[in-house]
Amino acid sequence: MTREQLILDKLRRLPPERIEEVLDFVEFVEQRAQRQRWVSFDEWAVNLAKERGFHRLTEEDVAQIVKTHRRREHS
(Lines give C-alpha, C1' and ligand atoms only; values in the text may rest on other atoms or scores of the structure.)
Protein backbone atom coordinates (compact mmCIF):
# COMPACT_ATOMS: atom_id res chain seq x y z
CA MET A 1 0.00 0.00 0.00
CA THR A 2 1.40 3.38 -0.99
CA ARG A 3 1.52 6.34 1.38
CA GLU A 4 -1.26 8.00 -0.60
CA GLN A 5 -3.46 4.92 -0.32
CA LEU A 6 -2.74 4.66 3.39
CA ILE A 7 -3.70 8.31 3.95
CA LEU A 8 -6.88 7.97 1.89
CA ASP A 9 -7.84 4.79 3.73
CA LYS A 10 -7.43 6.46 7.11
CA LEU A 11 -9.20 9.59 5.90
CA ARG A 12 -12.24 7.62 4.77
CA ARG A 13 -12.65 6.22 8.27
CA LEU A 14 -12.75 9.61 9.97
CA PRO A 15 -15.93 11.35 11.05
CA PRO A 16 -16.79 14.58 9.15
CA GLU A 17 -15.55 16.92 11.88
CA ARG A 18 -12.16 15.21 11.86
CA ILE A 19 -11.97 15.52 8.08
CA GLU A 20 -12.33 19.28 8.54
CA GLU A 21 -9.38 19.21 10.94
CA VAL A 22 -7.31 17.31 8.40
CA LEU A 23 -8.21 19.81 5.70
CA ASP A 24 -7.23 22.70 8.01
CA PHE A 25 -3.90 21.01 8.69
CA VAL A 26 -3.17 20.40 5.00
CA GLU A 27 -3.95 24.05 4.22
CA PHE A 28 -1.66 25.10 7.07
CA VAL A 29 1.18 22.99 5.66
CA GLU A 30 0.65 24.53 2.20
CA GLN A 31 0.74 28.05 3.63
CA ARG A 32 3.83 27.28 5.69
CA ALA A 33 5.63 26.10 2.56
CA GLN A 34 4.62 29.27 0.72
CA ARG A 35 5.84 31.47 3.58
CA GLN A 36 9.16 29.62 3.57
CA ARG A 37 9.57 30.33 -0.15
CA TRP A 38 8.93 34.01 0.54
CA VAL A 39 11.47 34.10 3.37
CA SER A 40 14.02 32.35 1.18
CA PHE A 41 13.39 34.85 -1.61
CA ASP A 42 13.63 37.79 0.79
CA GLU A 43 16.98 36.52 2.07
CA TRP A 44 18.19 35.95 -1.48
CA ALA A 45 17.22 39.49 -2.51
CA VAL A 46 18.98 41.09 0.43
CA ASN A 47 22.11 39.00 -0.10
CA LEU A 48 22.12 39.77 -3.83
CA ALA A 49 21.94 43.48 -3.09
CA LYS A 50 24.88 43.18 -0.68
CA GLU A 51 26.95 41.00 -3.05
CA ARG A 52 26.41 43.30 -6.01
CA GLY A 53 27.25 46.38 -3.97
CA PHE A 54 23.86 47.99 -4.35
CA HIS A 55 24.62 50.35 -1.50
CA ARG A 56 22.09 52.84 -2.79
CA LEU A 57 19.26 50.38 -2.18
CA THR A 58 17.47 50.73 1.11
CA GLU A 59 15.49 47.99 2.79
CA GLU A 60 12.39 49.70 1.45
CA ASP A 61 13.79 49.47 -2.10
CA VAL A 62 14.45 45.77 -1.66
CA ALA A 63 10.98 45.30 -0.16
CA GLN A 64 9.47 46.99 -3.21
CA ILE A 65 11.47 44.72 -5.54
CA VAL A 66 10.25 41.69 -3.61
CA LYS A 67 6.64 42.93 -3.65
CA THR A 68 6.80 43.46 -7.42
CA HIS A 69 8.26 39.99 -7.94
CA ARG A 70 5.55 38.39 -5.81
CA ARG A 71 2.81 40.16 -7.76
CA ARG A 72 4.27 38.83 -11.02
CA GLU A 73 4.50 35.32 -9.55
CA HIS A 74 0.81 35.31 -8.61
CA SER A 75 -0.48 36.86 -11.83
# chains A, B, ... in the order shown; residues from 1 in each chain; ligands from 1
>>> residues_around(residues="A:Leu48", least_positions_apart="5", cutoff="12 Å", atoms="only C-alpha atoms", output="VMD selection string")
chain A and resid 41 to 43 53 to 55 57 62 65
>>> atom_distance(atom1="atom CA of A:Ala45", atom2="atom CA of A:Thr68")
12.2 Å
>>> atom_distance(atom1="atom CA of A:Leu8", atom2="atom CA of A:Val26")
13.3 Å
>>> select_by_dssp(residues="chain A", states="alpha helix (DSSP H)", output="VMD selection string")
chain A and resid 3 to 12 16 to 51 59 to 73
>>> decode(residues="stretch 27-59 of chain A", atoms="N, CA and C atoms", output="PDB file, in the first residue's frame")
ATOM      1  N   GLU A  27      -4.035  22.649   4.658  1.00  0.00           N
ATOM      2  CA  GLU A  27      -3.947  24.045   4.223  1.00  0.00           C
ATOM      3  C   GLU A  27      -2.861  24.791   4.986  1.00  0.00           C
ATOM      4  N   PHE A  28      -2.719  24.503   6.269  1.00  0.00           N
ATOM      5  CA  PHE A  28      -1.662  25.105   7.071  1.00  0.00           C
ATOM      6  C   PHE A  28      -0.284  24.720   6.518  1.00  0.00           C
ATOM      7  N   VAL A  29      -0.107  23.464   6.196  1.00  0.00           N
ATOM      8  CA  VAL A  29       1.180  22.995   5.660  1.00  0.00           C
ATOM      9  C   VAL A  29       1.477  23.677   4.327  1.00  0.00           C
ATOM     10  N   GLU A  30       0.463  23.820   3.480  1.00  0.00           N
ATOM     11  CA  GLU A  30       0.650  24.526   2.202  1.00  0.00           C
ATOM     12  C   GLU A  30       1.081  25.973   2.428  1.00  0.00           C
ATOM     13  N   GLN A  31       0.414  26.649   3.350  1.00  0.00           N
ATOM     14  CA  GLN A  31       0.737  28.049   3.634  1.00  0.00           C
ATOM     15  C   GLN A  31       2.130  28.181   4.223  1.00  0.00           C
ATOM     16  N   ARG A  32       2.501  27.259   5.085  1.00  0.00           N
ATOM     17  CA  ARG A  32       3.835  27.284   5.688  1.00  0.00           C
ATOM     18  C   ARG A  32       4.902  27.145   4.620  1.00  0.00           C
ATOM     19  N   ALA A  33       4.678  26.276   3.661  1.00  0.00           N
ATOM     20  CA  ALA A  33       5.628  26.095   2.562  1.00  0.00           C
ATOM     21  C   ALA A  33       5.734  27.374   1.733  1.00  0.00           C
ATOM     22  N   GLN A  34       4.607  28.018   1.482  1.00  0.00           N
ATOM     23  CA  GLN A  34       4.618  29.268   0.718  1.00  0.00           C
ATOM     24  C   GLN A  34       5.379  30.351   1.473  1.00  0.00           C
ATOM     25  N   ARG A  35       5.121  30.464   2.780  1.00  0.00           N
ATOM     26  CA  ARG A  35       5.835  31.472   3.583  1.00  0.00           C
ATOM     27  C   ARG A  35       7.335  31.211   3.550  1.00  0.00           C
ATOM     28  N   GLN A  36       7.730  29.944   3.595  1.00  0.00           N
ATOM     29  CA  GLN A  36       9.156  29.618   3.566  1.00  0.00           C
ATOM     30  C   GLN A  36       9.781  30.044   2.246  1.00  0.00           C
ATOM     31  N   ARG A  37       9.054  29.873   1.149  1.00  0.00           N
ATOM     32  CA  ARG A  37       9.574  30.327  -0.149  1.00  0.00           C
ATOM     33  C   ARG A  37       9.757  31.836  -0.142  1.00  0.00           C
ATOM     34  N   TRP A  38       8.812  32.553   0.470  1.00  0.00           N
ATOM     35  CA  TRP A  38       8.926  34.011   0.541  1.00  0.00           C
ATOM     36  C   TRP A  38      10.129  34.420   1.369  1.00  0.00           C
ATOM     37  N   VAL A  39      10.320  33.775   2.517  1.00  0.00           N
ATOM     38  CA  VAL A  39      11.470  34.098   3.372  1.00  0.00           C
ATOM     39  C   VAL A  39      12.758  33.820   2.618  1.00  0.00           C
ATOM     40  N   SER A  40      12.822  32.693   1.949  1.00  0.00           N
ATOM     41  CA  SER A  40      14.020  32.351   1.177  1.00  0.00           C
ATOM     42  C   SER A  40      14.273  33.399   0.103  1.00  0.00           C
ATOM     43  N   PHE A  41      13.233  33.837  -0.576  1.00  0.00           N
ATOM     44  CA  PHE A  41      13.395  34.849  -1.615  1.00  0.00           C
ATOM     45  C   PHE A  41      13.841  36.165  -0.998  1.00  0.00           C
ATOM     46  N   ASP A  42      13.238  36.544   0.121  1.00  0.00           N
ATOM     47  CA  ASP A  42      13.630  37.788   0.786  1.00  0.00           C
ATOM     48  C   ASP A  42      15.111  37.762   1.153  1.00  0.00           C
ATOM     49  N   GLU A  43      15.571  36.651   1.711  1.00  0.00           N
ATOM     50  CA  GLU A  43      16.979  36.520   2.075  1.00  0.00           C
ATOM     51  C   GLU A  43      17.857  36.589   0.830  1.00  0.00           C
ATOM     52  N   TRP A  44      17.437  35.927  -0.231  1.00  0.00           N
ATOM     53  CA  TRP A  44      18.187  35.952  -1.483  1.00  0.00           C
ATOM     54  C   TRP A  44      18.315  37.384  -2.012  1.00  0.00           C
ATOM     55  N   ALA A  45      17.212  38.123  -1.984  1.00  0.00           N
ATOM     56  CA  ALA A  45      17.216  39.491  -2.511  1.00  0.00           C
ATOM     57  C   ALA A  45      18.158  40.383  -1.713  1.00  0.00           C
ATOM     58  N   VAL A  46      18.104  40.267  -0.401  1.00  0.00           N
ATOM     59  CA  VAL A  46      18.980  41.087   0.435  1.00  0.00           C
ATOM     60  C   VAL A  46      20.438  40.719   0.189  1.00  0.00           C
ATOM     61  N   ASN A  47      20.735  39.432   0.138  1.00  0.00           N
ATOM     62  CA  ASN A  47      22.113  38.998  -0.101  1.00  0.00           C
ATOM     63  C   ASN A  47      22.603  39.413  -1.480  1.00  0.00           C
ATOM     64  N   LEU A  48      21.744  39.340  -2.474  1.00  0.00           N
ATOM     65  CA  LEU A  48      22.124  39.772  -3.825  1.00  0.00           C
ATOM     66  C   LEU A  48      22.483  41.250  -3.824  1.00  0.00           C
ATOM     67  N   ALA A  49      21.667  42.041  -3.159  1.00  0.00           N
ATOM     68  CA  ALA A  49      21.942  43.483  -3.091  1.00  0.00           C
ATOM     69  C   ALA A  49      23.295  43.740  -2.429  1.00  0.00           C
ATOM     70  N   LYS A  50      23.593  43.003  -1.367  1.00  0.00           N
ATOM     71  CA  LYS A  50      24.877  43.176  -0.683  1.00  0.00           C
ATOM     72  C   LYS A  50      26.031  42.729  -1.578  1.00  0.00           C
ATOM     73  N   GLU A  51      25.887  41.550  -2.196  1.00  0.00           N
ATOM     74  CA  GLU A  51      26.948  40.997  -3.048  1.00  0.00           C
ATOM     75  C   GLU A  51      27.254  41.900  -4.236  1.00  0.00           C
ATOM     76  N   ARG A  52      26.231  42.467  -4.813  1.00  0.00           N
ATOM     77  CA  ARG A  52      26.413  43.303  -6.005  1.00  0.00           C
ATOM     78  C   ARG A  52      26.784  44.740  -5.666  1.00  0.00           C
ATOM     79  N   GLY A  53      26.862  45.034  -4.379  1.00  0.00           N
ATOM     80  CA  GLY A  53      27.247  46.378  -3.973  1.00  0.00           C
ATOM     81  C   GLY A  53      26.187  47.419  -4.232  1.00  0.00           C
ATOM     82  N   PHE A  54      24.949  47.044  -4.134  1.00  0.00           N
ATOM     83  CA  PHE A  54      23.860  47.987  -4.346  1.00  0.00           C
ATOM     84  C   PHE A  54      23.656  48.830  -3.092  1.00  0.00           C
ATOM     85  N   HIS A  55      24.671  49.573  -2.740  1.00  0.00           N
ATOM     86  CA  HIS A  55      24.619  50.351  -1.502  1.00  0.00           C
ATOM     87  C   HIS A  55      23.519  51.400  -1.526  1.00  0.00           C
ATOM     88  N   ARG A  56      23.127  51.806  -2.712  1.00  0.00           N
ATOM     89  CA  ARG A  56      22.092  52.839  -2.795  1.00  0.00           C
ATOM     90  C   ARG A  56      20.710  52.293  -2.468  1.00  0.00           C
ATOM     91  N   LEU A  57      20.564  50.968  -2.482  1.00  0.00           N
ATOM     92  CA  LEU A  57      19.264  50.378  -2.179  1.00  0.00           C
ATOM     93  C   LEU A  57      19.025  50.354  -0.674  1.00  0.00           C
ATOM     94  N   THR A  58      17.876  50.811  -0.288  1.00  0.00           N
ATOM     95  CA  THR A  58      17.465  50.732   1.114  1.00  0.00           C
ATOM     96  C   THR A  58      16.665  49.450   1.308  1.00  0.00           C
ATOM     97  N   GLU A  59      16.349  49.146   2.537  1.00  0.00           N
ATOM     98  CA  GLU A  59      15.492  47.989   2.794  1.00  0.00           C
ATOM     99  C   GLU A  59      14.137  48.178   2.131  1.00  0.00           C
TER     100      GLU A  59
END
